[in-house]
>>> print(open('entry.pdb').read())   # PDB, C-alpha atoms
ATOM      1  CA  MET I   1      -6.348 -38.307   7.123
ATOM      2  CA  TYR I   2      -8.286 -35.429   8.676
ATOM      3  CA  LEU I   3      -7.463 -31.947   7.419
ATOM      4  CA  PRO I   4      -7.358 -29.007   9.872
ATOM      5  CA  ASN I   5     -10.463 -26.878  10.226
ATOM      6  CA  LEU I   6      -9.970 -23.490   8.514
ATOM      7  CA  LYS I   7     -11.675 -21.822  11.466
ATOM      8  CA  HIS I   8      -9.107 -23.300  13.835
ATOM      9  CA  LEU I   9      -6.297 -22.098  11.567
ATOM     10  CA  ARG I  10      -7.798 -18.612  11.669
ATOM     11  CA  TYR I  11      -7.791 -18.693  15.484
ATOM     12  CA  LEU I  12      -4.119 -19.686  15.510
ATOM     13  CA  VAL I  13      -3.143 -16.945  13.051
ATOM     14  CA  ALA I  14      -5.079 -14.392  15.104
ATOM     15  CA  LEU I  15      -3.260 -15.465  18.268
ATOM     16  CA  HIS I  16       0.093 -15.099  16.520
ATOM     17  CA  GLN I  17      -0.901 -11.640  15.276
ATOM     18  CA  HIS I  18      -2.229 -10.295  18.586
ATOM     19  CA  GLN I  19       0.050 -12.291  20.943
ATOM     20  CA  HIS I  20      -2.801 -12.266  23.460
ATOM     21  CA  PHE I  21      -5.572 -14.877  23.912
ATOM     22  CA  HIS I  22      -8.301 -12.408  24.874
ATOM     23  CA  LYS I  23      -7.524  -9.974  22.032
ATOM     24  CA  ALA I  24      -7.304 -12.814  19.510
ATOM     25  CA  ALA I  25     -10.659 -14.166  20.673
ATOM     26  CA  GLN I  26     -12.237 -10.721  20.340
ATOM     27  CA  ALA I  27     -10.846 -10.383  16.813
ATOM     28  CA  CYS I  28     -12.395 -13.745  15.910
ATOM     29  CA  PHE I  29     -15.704 -12.982  17.700
ATOM     30  CA  VAL I  30     -15.475 -16.062  19.936
ATOM     31  CA  SER I  31     -14.858 -16.645  23.626
ATOM     32  CA  GLN I  32     -11.326 -17.087  24.900
ATOM     33  CA  SER I  33     -12.102 -20.649  25.982
ATOM     34  CA  THR I  34     -13.397 -21.506  22.496
ATOM     35  CA  LEU I  35     -10.244 -20.190  20.880
ATOM     36  CA  SER I  36      -7.958 -21.936  23.371
ATOM     37  CA  SER I  37      -9.782 -25.264  23.019
ATOM     38  CA  ALA I  38      -9.654 -25.054  19.212
ATOM     39  CA  ILE I  39      -5.890 -24.535  19.232
ATOM     40  CA  LEU I  40      -5.412 -27.463  21.641
ATOM     41  CA  LYS I  41      -7.512 -29.615  19.324
ATOM     42  CA  LEU I  42      -5.401 -28.467  16.392
ATOM     43  CA  GLU I  43      -2.200 -29.478  18.212
ATOM     44  CA  GLN I  44      -3.673 -32.902  19.020
ATOM     45  CA  GLN I  45      -4.722 -33.391  15.424
ATOM     46  CA  LEU I  46      -1.286 -32.419  14.113
ATOM     47  CA  GLY I  47       0.599 -34.333  16.772
ATOM     48  CA  CYS I  48       2.951 -31.465  17.533
ATOM     49  CA  GLN I  49       3.266 -28.592  20.003
ATOM     50  CA  LEU I  50       2.565 -25.197  18.451
ATOM     51  CA  ILE I  51       2.576 -23.159  21.681
ATOM     52  CA  GLU I  52       4.475 -23.462  24.941
ATOM     53  CA  ARG I  53       2.238 -22.398  27.825
ATOM     54  CA  ASP I  54       2.489 -21.567  31.502
ATOM     55  CA  ASN I  55      -0.025 -19.936  33.847
ATOM     56  CA  LYS I  56       0.637 -16.355  32.742
ATOM     57  CA  SER I  57       2.235 -16.432  29.307
ATOM     58  CA  PHE I  58       2.775 -18.445  26.137
ATOM     59  CA  LEU I  59       5.362 -18.723  23.413
ATOM     60  CA  PHE I  60       5.077 -20.022  19.861
ATOM     61  CA  THR I  61       7.471 -22.860  19.192
ATOM     62  CA  SER I  62       9.700 -22.654  16.114
ATOM     63  CA  GLN I  63       7.492 -25.291  14.504
ATOM     64  CA  GLY I  64       4.427 -23.312  15.543
ATOM     65  CA  SER I  65       5.712 -20.090  13.937
ATOM     66  CA  GLU I  66       6.511 -21.952  10.724
ATOM     67  CA  PHE I  67       3.056 -23.527  10.751
ATOM     68  CA  VAL I  68       1.415 -20.100  11.227
ATOM     69  CA  GLU I  69       3.044 -18.755   8.050
ATOM     70  CA  LYS I  70       1.770 -21.703   6.045
ATOM     71  CA  ALA I  71      -1.658 -21.436   7.652
ATOM     72  CA  ARG I  72      -1.833 -17.729   6.818
ATOM     73  CA  LYS I  73      -1.084 -18.447   3.151
ATOM     74  CA  LEU I  74      -3.661 -21.242   3.110
ATOM     75  CA  LEU I  75      -6.338 -18.909   4.517
ATOM     76  CA  VAL I  76      -5.525 -16.249   1.924
ATOM     77  CA  ASP I  77      -5.720 -18.818  -0.879
ATOM     78  CA  ALA I  78      -9.006 -20.162   0.473
ATOM     79  CA  ASN I  79     -10.425 -16.652   0.619
ATOM     80  CA  ASP I  80      -9.284 -15.995  -2.967
ATOM     81  CA  LEU I  81     -10.907 -19.242  -4.072
ATOM     82  CA  VAL I  82     -14.267 -18.321  -2.559
ATOM     83  CA  ASN I  83     -14.160 -14.730  -3.852
ATOM     84  CA  SER I  84     -13.192 -15.869  -7.323
ATOM     85  CA  ALA I  85     -16.131 -18.291  -7.442
ATOM     86  CA  LYS I  86     -18.543 -15.630  -6.201
ATOM     87  CA  GLN I  87     -17.335 -12.988  -8.661
ATOM     88  CA  GLN I  88     -17.266 -15.106 -11.810
ATOM     89  CA  GLY I  89     -19.401 -13.389 -14.421
ATOM     90  CA  GLN I  90     -20.525 -10.530 -12.199
ATOM     91  CA  THR I  91     -19.229  -7.055 -11.394
ATOM     92  CA  ASP I  92     -21.489  -6.134  -8.507
ATOM     93  CA  GLY I  93     -22.368  -7.355  -5.074
ATOM     94  CA  GLY I  94     -20.032  -8.174  -2.211
ATOM     95  CA  VAL I  95     -17.112  -6.284  -0.686
ATOM     96  CA  PHE I  96     -13.868  -5.198  -2.340
ATOM     97  CA  ASN I  97     -10.930  -3.709  -0.437
ATOM     98  CA  ILE I  98      -8.502  -1.379  -2.239
ATOM     99  CA  GLY I  99      -5.257  -0.014  -0.820
ATOM    100  CA  CYS I 100      -3.603   3.161  -2.081
ATOM    101  CA  ILE I 101      -0.407   5.036  -1.173
ATOM    102  CA  PRO I 102      -0.636   8.582   0.288
ATOM    103  CA  THR I 103       1.013  10.299  -2.709
ATOM    104  CA  ILE I 104      -1.736   8.940  -4.971
ATOM    105  CA  ALA I 105      -4.878   8.532  -2.843
ATOM    106  CA  PRO I 106      -5.886  12.200  -2.239
ATOM    107  CA  TYR I 107      -5.620  13.094  -5.935
ATOM    108  CA  LEU I 108      -6.936   9.929  -7.597
ATOM    109  CA  LEU I 109      -9.789   8.913  -5.308
ATOM    110  CA  THR I 110     -11.792  12.084  -5.950
ATOM    111  CA  ASP I 111     -12.254  10.772  -9.512
ATOM    112  CA  LEU I 112     -12.034   7.030  -8.834
ATOM    113  CA  VAL I 113     -14.781   6.885  -6.198
ATOM    114  CA  PRO I 114     -17.563   8.370  -8.385
ATOM    115  CA  ALA I 115     -16.386   6.291 -11.364
ATOM    116  CA  CYS I 116     -16.655   3.112  -9.265
ATOM    117  CA  GLN I 117     -20.042   4.166  -7.923
ATOM    118  CA  GLN I 118     -21.240   4.443 -11.504
ATOM    119  CA  ALA I 119     -19.625   1.312 -12.977
ATOM    120  CA  LEU I 120     -19.792  -0.987  -9.925
ATOM    121  CA  LYS I 121     -23.015   0.231  -8.360
ATOM    122  CA  ASN I 122     -23.757  -2.631  -5.969
ATOM    123  CA  LEU I 123     -20.191  -3.379  -4.952
ATOM    124  CA  ARG I 124     -19.205  -2.140  -1.506
ATOM    125  CA  ILE I 125     -15.701  -0.736  -1.931
ATOM    126  CA  TYR I 126     -13.470   0.232   0.983
ATOM    127  CA  PHE I 127     -10.271   2.236   0.510
ATOM    128  CA  ARG I 128      -7.231   1.996   2.790
ATOM    129  CA  GLU I 129      -4.469   4.621   2.582
ATOM    130  CA  ASP I 130      -1.039   3.551   3.854
ATOM    131  CA  THR I 131       2.620   3.232   2.904
ATOM    132  CA  THR I 132       3.769   0.811   0.208
ATOM    133  CA  ASP I 133       5.300  -1.642   2.694
ATOM    134  CA  ASN I 134       2.195  -1.747   4.880
ATOM    135  CA  LEU I 135      -0.143  -2.122   1.916
ATOM    136  CA  LEU I 136       1.865  -4.999   0.452
ATOM    137  CA  HIS I 137       1.832  -6.695   3.864
ATOM    138  CA  MET I 138      -1.962  -6.382   4.018
ATOM    139  CA  LEU I 139      -2.298  -7.569   0.406
ATOM    140  CA  LYS I 140      -0.147 -10.624   1.147
ATOM    141  CA  ASN I 141      -2.271 -11.460   4.217
ATOM    142  CA  GLY I 142      -5.558 -11.145   2.334
ATOM    143  CA  GLU I 143      -6.711  -7.974   4.086
ATOM    144  CA  LEU I 144      -6.779  -6.131   0.748
ATOM    145  CA  ASP I 145      -7.898  -7.359  -2.674
ATOM    146  CA  VAL I 146      -5.728  -4.995  -4.731
ATOM    147  CA  VAL I 147      -3.444  -2.021  -4.170
ATOM    148  CA  ILE I 148      -2.715   1.069  -6.240
ATOM    149  CA  LEU I 149       0.903   2.177  -5.992
ATOM    150  CA  ALA I 150       3.927   3.402  -7.912
ATOM    151  CA  LEU I 151       6.557   1.236  -9.572
ATOM    152  CA  PRO I 152       9.247   0.071  -9.392
ATOM    153  CA  ILE I 153       8.997  -2.131  -6.311
ATOM    154  CA  ALA I 154       9.855  -5.751  -5.534
ATOM    155  CA  GLN I 155       6.943  -7.870  -6.747
ATOM    156  CA  ARG I 156       7.600 -11.326  -5.333
ATOM    157  CA  GLY I 157       4.263 -13.087  -4.985
ATOM    158  CA  PHE I 158       2.370 -10.266  -6.713
ATOM    159  CA  GLU I 159       1.283  -9.361 -10.230
ATOM    160  CA  SER I 160       0.993  -5.781 -11.429
ATOM    161  CA  LEU I 161      -0.703  -4.010 -14.301
ATOM    162  CA  VAL I 162       0.571  -0.569 -15.277
ATOM    163  CA  VAL I 163      -2.490   1.681 -15.570
ATOM    164  CA  GLY I 164      -0.828   5.040 -16.242
ATOM    165  CA  LYS I 165       2.131   7.376 -15.989
ATOM    166  CA  ASP I 166       2.468  10.214 -13.499
ATOM    167  CA  HIS I 167       5.023  12.795 -14.653
ATOM    168  CA  PHE I 168       7.189  14.729 -12.226
ATOM    169  CA  PHE I 169       7.036  18.505 -11.886
ATOM    170  CA  ALA I 170       9.551  20.838 -10.264
ATOM    171  CA  ALA I 171       8.189  23.328  -7.740
ATOM    172  CA  GLY I 172      10.067  26.073  -5.968
ATOM    173  CA  GLU I 173      10.590  29.685  -5.001
ATOM    174  CA  PRO I 174      10.077  31.799  -8.190
ATOM    175  CA  LYS I 175      13.633  33.240  -8.433
ATOM    176  CA  LEU I 176      15.185  29.861  -7.755
ATOM    177  CA  MET I 177      12.934  28.236 -10.340
ATOM    178  CA  ALA I 178      13.814  30.894 -12.927
ATOM    179  CA  LYS I 179      17.483  30.027 -12.495
ATOM    180  CA  PHE I 180      16.773  26.280 -12.606
ATOM    181  CA  SER I 181      14.556  26.569 -15.701
ATOM    182  CA  GLU I 182      17.361  27.805 -17.957
ATOM    183  CA  LYS I 183      18.968  24.351 -18.196
ATOM    184  CA  GLN I 184      17.083  22.310 -15.555
ATOM    185  CA  ASP I 185      20.456  21.705 -13.953
ATOM    186  CA  TYR I 186      20.340  20.651 -10.300
ATOM    187  CA  GLN I 187      23.877  21.925  -9.765
ATOM    188  CA  CYS I 188      22.547  25.473  -9.907
ATOM    189  CA  LEU I 189      20.466  24.839  -6.777
ATOM    190  CA  PRO I 190      21.954  25.979  -3.447
ATOM    191  CA  GLU I 191      23.057  23.373  -0.926
ATOM    192  CA  HIS I 192      20.272  22.031   1.318
ATOM    193  CA  SER I 193      17.599  23.695  -0.859
ATOM    194  CA  VAL I 194      15.864  20.509  -2.076
ATOM    195  CA  PHE I 195      13.076  19.307   0.211
ATOM    196  CA  LEU I 196      11.801  15.716   0.036
ATOM    197  CA  LEU I 197       9.343  13.347   1.659
ATOM    198  CA  SER I 198      10.538  10.916   4.328
ATOM    199  CA  ASN I 199      11.960   7.607   3.157
ATOM    200  CA  GLU I 200       8.792   5.666   3.936
ATOM    201  CA  HIS I 201       7.221   7.386   0.924
ATOM    202  CA  CYS I 202       8.369   5.788  -2.322
ATOM    203  CA  LEU I 203       7.851   9.105  -4.187
ATOM    204  CA  THR I 204      11.213  10.300  -2.875
ATOM    205  CA  LYS I 205      13.086   7.282  -4.229
ATOM    206  CA  HIS I 206      11.248   7.427  -7.538
ATOM    207  CA  ALA I 207      11.860  11.156  -7.992
ATOM    208  CA  LEU I 208      15.571  10.975  -7.174
ATOM    209  CA  SER I 209      16.034   8.008  -9.474
ATOM    210  CA  ALA I 210      14.033   9.416 -12.377
ATOM    211  CA  CYS I 211      15.570  12.897 -12.103
ATOM    212  CA  LYS I 212      19.094  11.528 -11.546
ATOM    213  CA  LEU I 213      19.710  13.826  -8.587
ATOM    214  CA  ALA I 214      22.836  12.213  -7.192
ATOM    215  CA  ASP I 215      24.364  15.198  -5.378
ATOM    216  CA  THR I 216      23.094  14.760  -1.829
ATOM    217  CA  SER I 217      24.579  18.088  -0.747
ATOM    218  CA  ARG I 218      21.607  19.750  -2.443
ATOM    219  CA  ILE I 219      19.126  17.821  -0.251
ATOM    220  CA  ASN I 220      17.880  19.317   3.011
ATOM    221  CA  ALA I 221      18.034  17.096   6.107
ATOM    222  CA  PHE I 222      14.373  17.855   6.845
ATOM    223  CA  SER I 223      11.947  15.245   5.532
ATOM    224  CA  ALA I 224       8.190  15.761   5.311
ATOM    225  CA  SER I 225       5.524  13.232   6.234
ATOM    226  CA  SER I 226       3.053  14.423   3.589
ATOM    227  CA  LEU I 227       2.949  16.412   0.366
ATOM    228  CA  ALA I 228       1.084  19.192   2.171
ATOM    229  CA  THR I 229       3.902  19.578   4.698
ATOM    230  CA  LEU I 230       6.490  19.264   1.929
ATOM    231  CA  VAL I 231       4.993  22.188   0.021
ATOM    232  CA  GLN I 232       4.700  24.315   3.155
ATOM    233  CA  MET I 233       8.347  23.775   4.101
ATOM    234  CA  THR I 234       9.517  24.366   0.519
ATOM    235  CA  ALA I 235       7.646  27.676   0.415
ATOM    236  CA  TYR I 236       8.741  28.749   3.885
ATOM    237  CA  HIS I 237      12.416  28.053   3.227
ATOM    238  CA  GLN I 238      12.266  29.328  -0.378
ATOM    239  CA  GLY I 239      13.472  25.967  -1.609
ATOM    240  CA  PHE I 240      12.836  23.406  -4.321
ATOM    241  CA  THR I 241      10.944  20.105  -4.492
ATOM    242  CA  PHE I 242       9.276  17.536  -6.770
ATOM    243  CA  LEU I 243       5.532  17.069  -7.187
ATOM    244  CA  PRO I 244       3.546  14.368  -9.015
ATOM    245  CA  GLU I 245       1.432  15.444 -11.968
ATOM    246  CA  MET I 246      -1.811  14.171 -10.457
ATOM    247  CA  ALA I 247      -1.345  16.552  -7.503
ATOM    248  CA  VAL I 248      -0.500  19.471  -9.801
ATOM    249  CA  LYS I 249      -3.607  18.820 -11.921
ATOM    250  CA  LYS I 250      -5.750  19.091  -8.794
ATOM    251  CA  GLY I 251      -4.371  22.589  -8.147
ATOM    252  CA  PHE I 252      -2.213  21.426  -5.268
ATOM    253  CA  SER I 253       0.248  24.069  -3.930
ATOM    254  CA  LYS I 254      -1.012  26.945  -6.112
ATOM    255  CA  ALA I 255      -1.795  29.039  -3.057
ATOM    256  CA  GLU I 256       1.759  28.747  -1.685
ATOM    257  CA  GLY I 257       3.356  31.083  -4.241
ATOM    258  CA  LEU I 258       5.594  28.406  -5.749
ATOM    259  CA  THR I 259       6.482  28.286  -9.431
ATOM    260  CA  ILE I 260       5.659  24.882 -10.930
ATOM    261  CA  GLU I 261       6.870  23.456 -14.240
ATOM    262  CA  LYS I 262       7.059  20.042 -15.854
ATOM    263  CA  LEU I 263      10.502  18.470 -15.875
ATOM    264  CA  SER I 264      12.080  17.844 -19.253
ATOM    265  CA  GLY I 265      13.142  14.418 -20.447
ATOM    266  CA  ASN I 266       9.818  12.599 -19.964
ATOM    267  CA  VAL I 267      10.432  11.974 -16.268
ATOM    268  CA  TYR I 268       7.647   9.989 -14.590
ATOM    269  CA  ARG I 269       6.640   7.194 -12.235
ATOM    270  CA  GLU I 270       4.430   4.302 -13.343
ATOM    271  CA  ILE I 271       1.130   3.818 -11.527
ATOM    272  CA  ALA I 272       0.156   0.176 -11.152
ATOM    273  CA  LEU I 273      -2.723  -1.938  -9.926
ATOM    274  CA  MET I 274      -1.307  -4.885  -7.993
ATOM    275  CA  ARG I 275      -2.856  -8.131  -6.810
ATOM    276  CA  ARG I 276      -1.680 -11.452  -5.427
ATOM    277  CA  SER I 277      -0.378 -13.916  -8.008
ATOM    278  CA  THR I 278      -2.966 -16.399  -6.756
ATOM    279  CA  SER I 279      -5.896 -14.017  -7.286
ATOM    280  CA  ALA I 280      -8.122 -14.645 -10.285
ATOM    281  CA  GLU I 281      -8.575 -11.904 -12.876
ATOM    282  CA  THR I 282     -12.261 -11.419 -12.100
ATOM    283  CA  PRO I 283     -14.680  -9.046 -13.880
ATOM    284  CA  ILE I 284     -14.308  -6.647 -10.911
ATOM    285  CA  TYR I 285     -10.533  -6.515 -11.396
ATOM    286  CA  GLN I 286     -10.943  -6.033 -15.149
ATOM    287  CA  LYS I 287     -13.499  -3.266 -14.661
ATOM    288  CA  LEU I 288     -11.368  -1.483 -12.072
ATOM    289  CA  SER I 289      -8.325  -1.717 -14.363
ATOM    290  CA  ALA I 290     -10.273  -0.132 -17.216
ATOM    291  CA  ILE I 291     -11.487   2.700 -14.959
ATOM    292  CA  LEU I 292      -7.961   3.498 -13.791
ATOM    293  CA  ILE I 293      -6.512   3.408 -17.304
ATOM    294  CA  ASN I 294      -9.193   5.846 -18.443
ATOM    295  CA  LEU I 295      -8.618   8.205 -15.483
ATOM    296  CA  LEU I 296      -4.833   8.217 -15.926
ATOM    297  CA  LYS I 297      -4.712   8.857 -19.678
TER     298      LYS I 297
END
>>> encode(input="entry.pdb", output="structure tokens")
Amino acid sequence: MYLPNLKHLRYLVALHQHQHFHKAAQACFVSQSTLSSAILKLEQQLGCQLIERDNKSFLFTSQGSEFVEKARKLLVDANDLVNSAKQQGQTDGGVFNIGCIPTIAPYLLTDLVPACQQALKNLRIYFREDTTDNLLHMLKNGELDVVILALPIAQRGFESLVVGKDHFFAAGEPKLMAKFSEKQDYQCLPEHSVFLLSNEHCLTKHALSACKLADTSRINAFSASSLATLVQMTAYHQGFTFLPEMAVKKGFSKAEGLTIEKLSGNVYREIALMRRSTSAETPIYQKLSAILINLLK
């Protein structure tokens, strides 16, 4: 029995991703004819039709789409196998891709990058900032080696290591904050005075859950796309919001005239380093974990 060529599987996965022969060929650095011929050979080897073709278009068959998902997982596992073998017993050399969510990246990377440069001198590290959903998709597909994000999230197919806690702070217009500070009671806040990030940012869900803010009448309909915009809108509308400790420690929002104070009740989000369940716990992963734990003490 002949097993499929991994290169041919990669061509098929690329075609499914780009839905265009020329773009898929460019992504794989081969000619369009090479890619097309390889997929035809793959179909002949498997004895099944993966793609329905006509002169101007193509369509993946149901069997073809199912095969692509299995091929994608096989390629990720093969990549993990090779990387694991290369990294056994060493913490330098090669490339390592790290993903990080936007409510962590700007405040953590200023310390993480120099720490990695010192501890992992010969390792070429690339950082990717994106939303939790996008990062997990890239991690699943092998485009990232690990991601740094906030728990809780669904972890099917992934393993996580909690590397620190990030406490929540309240920030708001000084008079409003003075009233809130007496009992830290959200019912004292005016309607529509609480400003939050858009739903694609998990910080909003984590803050509402941790702070038990159930009264949606207090929440403004406006949603910000970044912490910078969130602070600006909170200051402009003399409102109230939540900020993560790592942003506060970096002096974030001080210039906007907001009063900032730590919330009572030990309210925080957990920061985790996440990898695929199939990934080996290499010296690079162990070293990176130790760096993050030290930075987030």
>>> residues_near_point(input="entry.pdb", point="(25.0, 25.2, 3.4)", cutoff="12 Å", atoms="only C-alpha atoms", output="ChimeraX atom specification")
/I:189-194,216-221
>>> atom_distance(input="entry.pdb", atom1="CA of Ile293 in chain I", atom2="CA of Val95 in chain I")
22.0 Å
>>> residues_around(input="entry.pdb", residues="Phe168 in chain I", least_positions_apart="5", cutoff="10 Å", atoms="only C-alpha atoms", output="list of chain:residue names")
I:Leu203, I:His206, I:Ala207, I:Ala210, I:Cys211, I:Phe242, I:Leu243, I:Pro244, I:Glu245, I:Met246, I:Ala247, I:Val248, I:Glu261, I:Lys262, I:Leu263, I:Ser264, I:Asn266, I:Val267, I:Tyr268, I:Arg269
>>> atom_distance(input="entry.pdb", atom1="CA of Glu66 in chain I", atom2="CA of Leu3 in chain I")
17.5 Å
>>> atom_distance(input="entry.pdb", atom1="CA of Thr241 in chain I", atom2="CA of Gly164 in chain I")
22.4 Å
>>> resolve_selection(input="entry.pdb", expression="the PyMOL selection byres ((chain I and resi 28) around 8)", output="compact mmCIF listing (two decimals) with C-alpha atoms, in the coordinates of the input")
# COMPACT_ATOMS: atom_id res chain seq x y z
CA ARG I 10 -7.80 -18.61 11.67
CA TYR I 11 -7.79 -18.69 15.48
CA ALA I 14 -5.08 -14.39 15.10
CA ALA I 24 -7.30 -12.81 19.51
CA ALA I 25 -10.66 -14.17 20.67
CA GLN I 26 -12.24 -10.72 20.34
CA ALA I 27 -10.85 -10.38 16.81
CA PHE I 29 -15.70 -12.98 17.70
CA VAL I 30 -15.48 -16.06 19.94
>>> closest_residue(input="entry.pdb", among="I:Leu6, I:Leu161, I:Leu144, I:Ala224", to="Leu75 in chain I", atoms="all atoms listed in the file")
I:Leu6
>>> residues_around(input="entry.pdb", residues="Ser289 in chain I", least_positions_apart="4", cutoff="12 Å", atoms="all atoms listed in the file", output="PyMOL selection string")
chain I and resi 112+115-116+119+146-148+160-164+271-275+281-285+293-296
>>> write_last_selection(input="entry.pdb", atoms="C-alpha atoms", output="short mmCIF file (atom, residue, chain, number, x, y, z; two decimals), in the frame of the given file")
data_model
loop_
_atom_site.label_atom_id
_atom_site.label_comp_id
_atom_site.auth_asym_id
_atom_site.auth_seq_id
_atom_site.Cartn_x
_atom_site.Cartn_y
_atom_site.Cartn_z
CA LEU I 112 -12.03 7.03 -8.83
CA ALA I 115 -16.39 6.29 -11.36
CA CYS I 116 -16.66 3.11 -9.26
CA ALA I 119 -19.62 1.31 -12.98
CA VAL I 146 -5.73 -5.00 -4.73
CA VAL I 147 -3.44 -2.02 -4.17
CA ILE I 148 -2.72 1.07 -6.24
CA SER I 160 0.99 -5.78 -11.43
CA LEU I 161 -0.70 -4.01 -14.30
CA VAL I 162 0.57 -0.57 -15.28
CA VAL I 163 -2.49 1.68 -15.57
CA GLY I 164 -0.83 5.04 -16.24
CA ILE I 271 1.13 3.82 -11.53
CA ALA I 272 0.16 0.18 -11.15
CA LEU I 273 -2.72 -1.94 -9.93
CA MET I 274 -1.31 -4.88 -7.99
CA ARG I 275 -2.86 -8.13 -6.81
CA GLU I 281 -8.57 -11.90 -12.88
CA THR I 282 -12.26 -11.42 -12.10
CA PRO I 283 -14.68 -9.05 -13.88
CA ILE I 284 -14.31 -6.65 -10.91
CA TYR I 285 -10.53 -6.52 -11.40
CA ILE I 293 -6.51 3.41 -17.30
CA ASN I 294 -9.19 5.85 -18.44
CA LEU I 295 -8.62 8.20 -15.48
CA LEU I 296 -4.83 8.22 -15.93
#
>>> resolve_selection(input="entry.pdb", expression="the PyMOL selection byres ((chain I and resi 49-65) around 12)", output="list in words")
Leu9, Leu12, Val13, Leu15, His16, Gln17, Gln19, His20, Phe21, Ser36, Ile39, Leu40, Lys41, Leu42, Glu43, Gln44, Gln45, Leu46, Gly47, Cys48, Glu66, Phe67, Val68, Glu69, Lys70, Ala71 and Arg72 of chain I
>>> residues_around(input="entry.pdb", residues="Lys250 in chain I", least_positions_apart="6", cutoff="12 Å", atoms="all atoms listed in the file", output="list in words")
Ile104, Pro106, Tyr107, Leu108, Leu109, Thr110, Asp111, Leu243 and Pro244 of chain I
>>> residues_around(input="entry.pdb", residues="Glu256 in chain I", least_positions_apart="2", cutoff="8 Å", atoms="all atoms listed in the file", output="number ranges by chain")
I: 231-232, 235, 253-254, 258
>>> axis_aligned_box(input="entry.pdb", around="range 29-45 of chain I", padding_each_side="4 Å", output="AutoDock Vina command-line options")
--center_x -9.0 --center_y -23.2 --center_z 20.7 --size_x 21.5 --size_y 28.4 --size_z 18.6
>>> closest_residue(input="entry.pdb", among="I:Leu227, I:Lys7, I:Ala280, I:Leu292", to="Ala171 in chain I", atoms="all atoms listed in the file")
I:Leu227
>>> closest_residue(input="entry.pdb", among="I:Ser37, I:Gln32, I:Asn122, I:Asn199", to="His8 in chain I", atoms="only C-alpha atoms")
I:Ser37
>>> residues_near_point(input="entry.pdb", point="(-15.7, -5.1, -4.0)", cutoff="9 Å", atoms="only C-alpha atoms", output="PDB file with C-alpha atoms, keeping the file's coordinate frame")
ATOM      1  CA  THR I  91     -19.229  -7.055 -11.394  1.00  0.00           C
ATOM      2  CA  ASP I  92     -21.489  -6.134  -8.507  1.00  0.00           C
ATOM      3  CA  GLY I  93     -22.368  -7.355  -5.074  1.00  0.00           C
ATOM      4  CA  GLY I  94     -20.032  -8.174  -2.211  1.00  0.00           C
ATOM      5  CA  VAL I  95     -17.112  -6.284  -0.686  1.00  0.00           C
ATOM      6  CA  PHE I  96     -13.868  -5.198  -2.340  1.00  0.00           C
ATOM      7  CA  ASN I  97     -10.930  -3.709  -0.437  1.00  0.00           C
ATOM      8  CA  ILE I  98      -8.502  -1.379  -2.239  1.00  0.00           C
ATOM      9  CA  LEU I 120     -19.792  -0.987  -9.925  1.00  0.00           C
ATOM     10  CA  ASN I 122     -23.757  -2.631  -5.969  1.00  0.00           C
ATOM     11  CA  LEU I 123     -20.191  -3.379  -4.952  1.00  0.00           C
ATOM     12  CA  ARG I 124     -19.205  -2.140  -1.506  1.00  0.00           C
ATOM     13  CA  ILE I 125     -15.701  -0.736  -1.931  1.00  0.00           C
ATOM     14  CA  TYR I 126     -13.470   0.232   0.983  1.00  0.00           C
ATOM     15  CA  ASP I 145      -7.898  -7.359  -2.674  1.00  0.00           C
ATOM     16  CA  ILE I 284     -14.308  -6.647 -10.911  1.00  0.00           C
TER      17      ILE I 284
END
>>> closest_residue(input="entry.pdb", among="I:Ala38, I:Thr234, I:Phe252, I:Leu288", to="Pro174 in chain I", atoms="only C-alpha atoms")
I:Thr234
>>> residues_around(input="entry.pdb", residues="Phe158 in chain I", least_positions_apart="6", cutoff="10 Å", atoms="all atoms listed in the file", output="list in words")
Leu136, Leu139, Lys140, Val146, Met274, Arg275, Arg276, Ser277, Thr278 and Ser279 of chain I
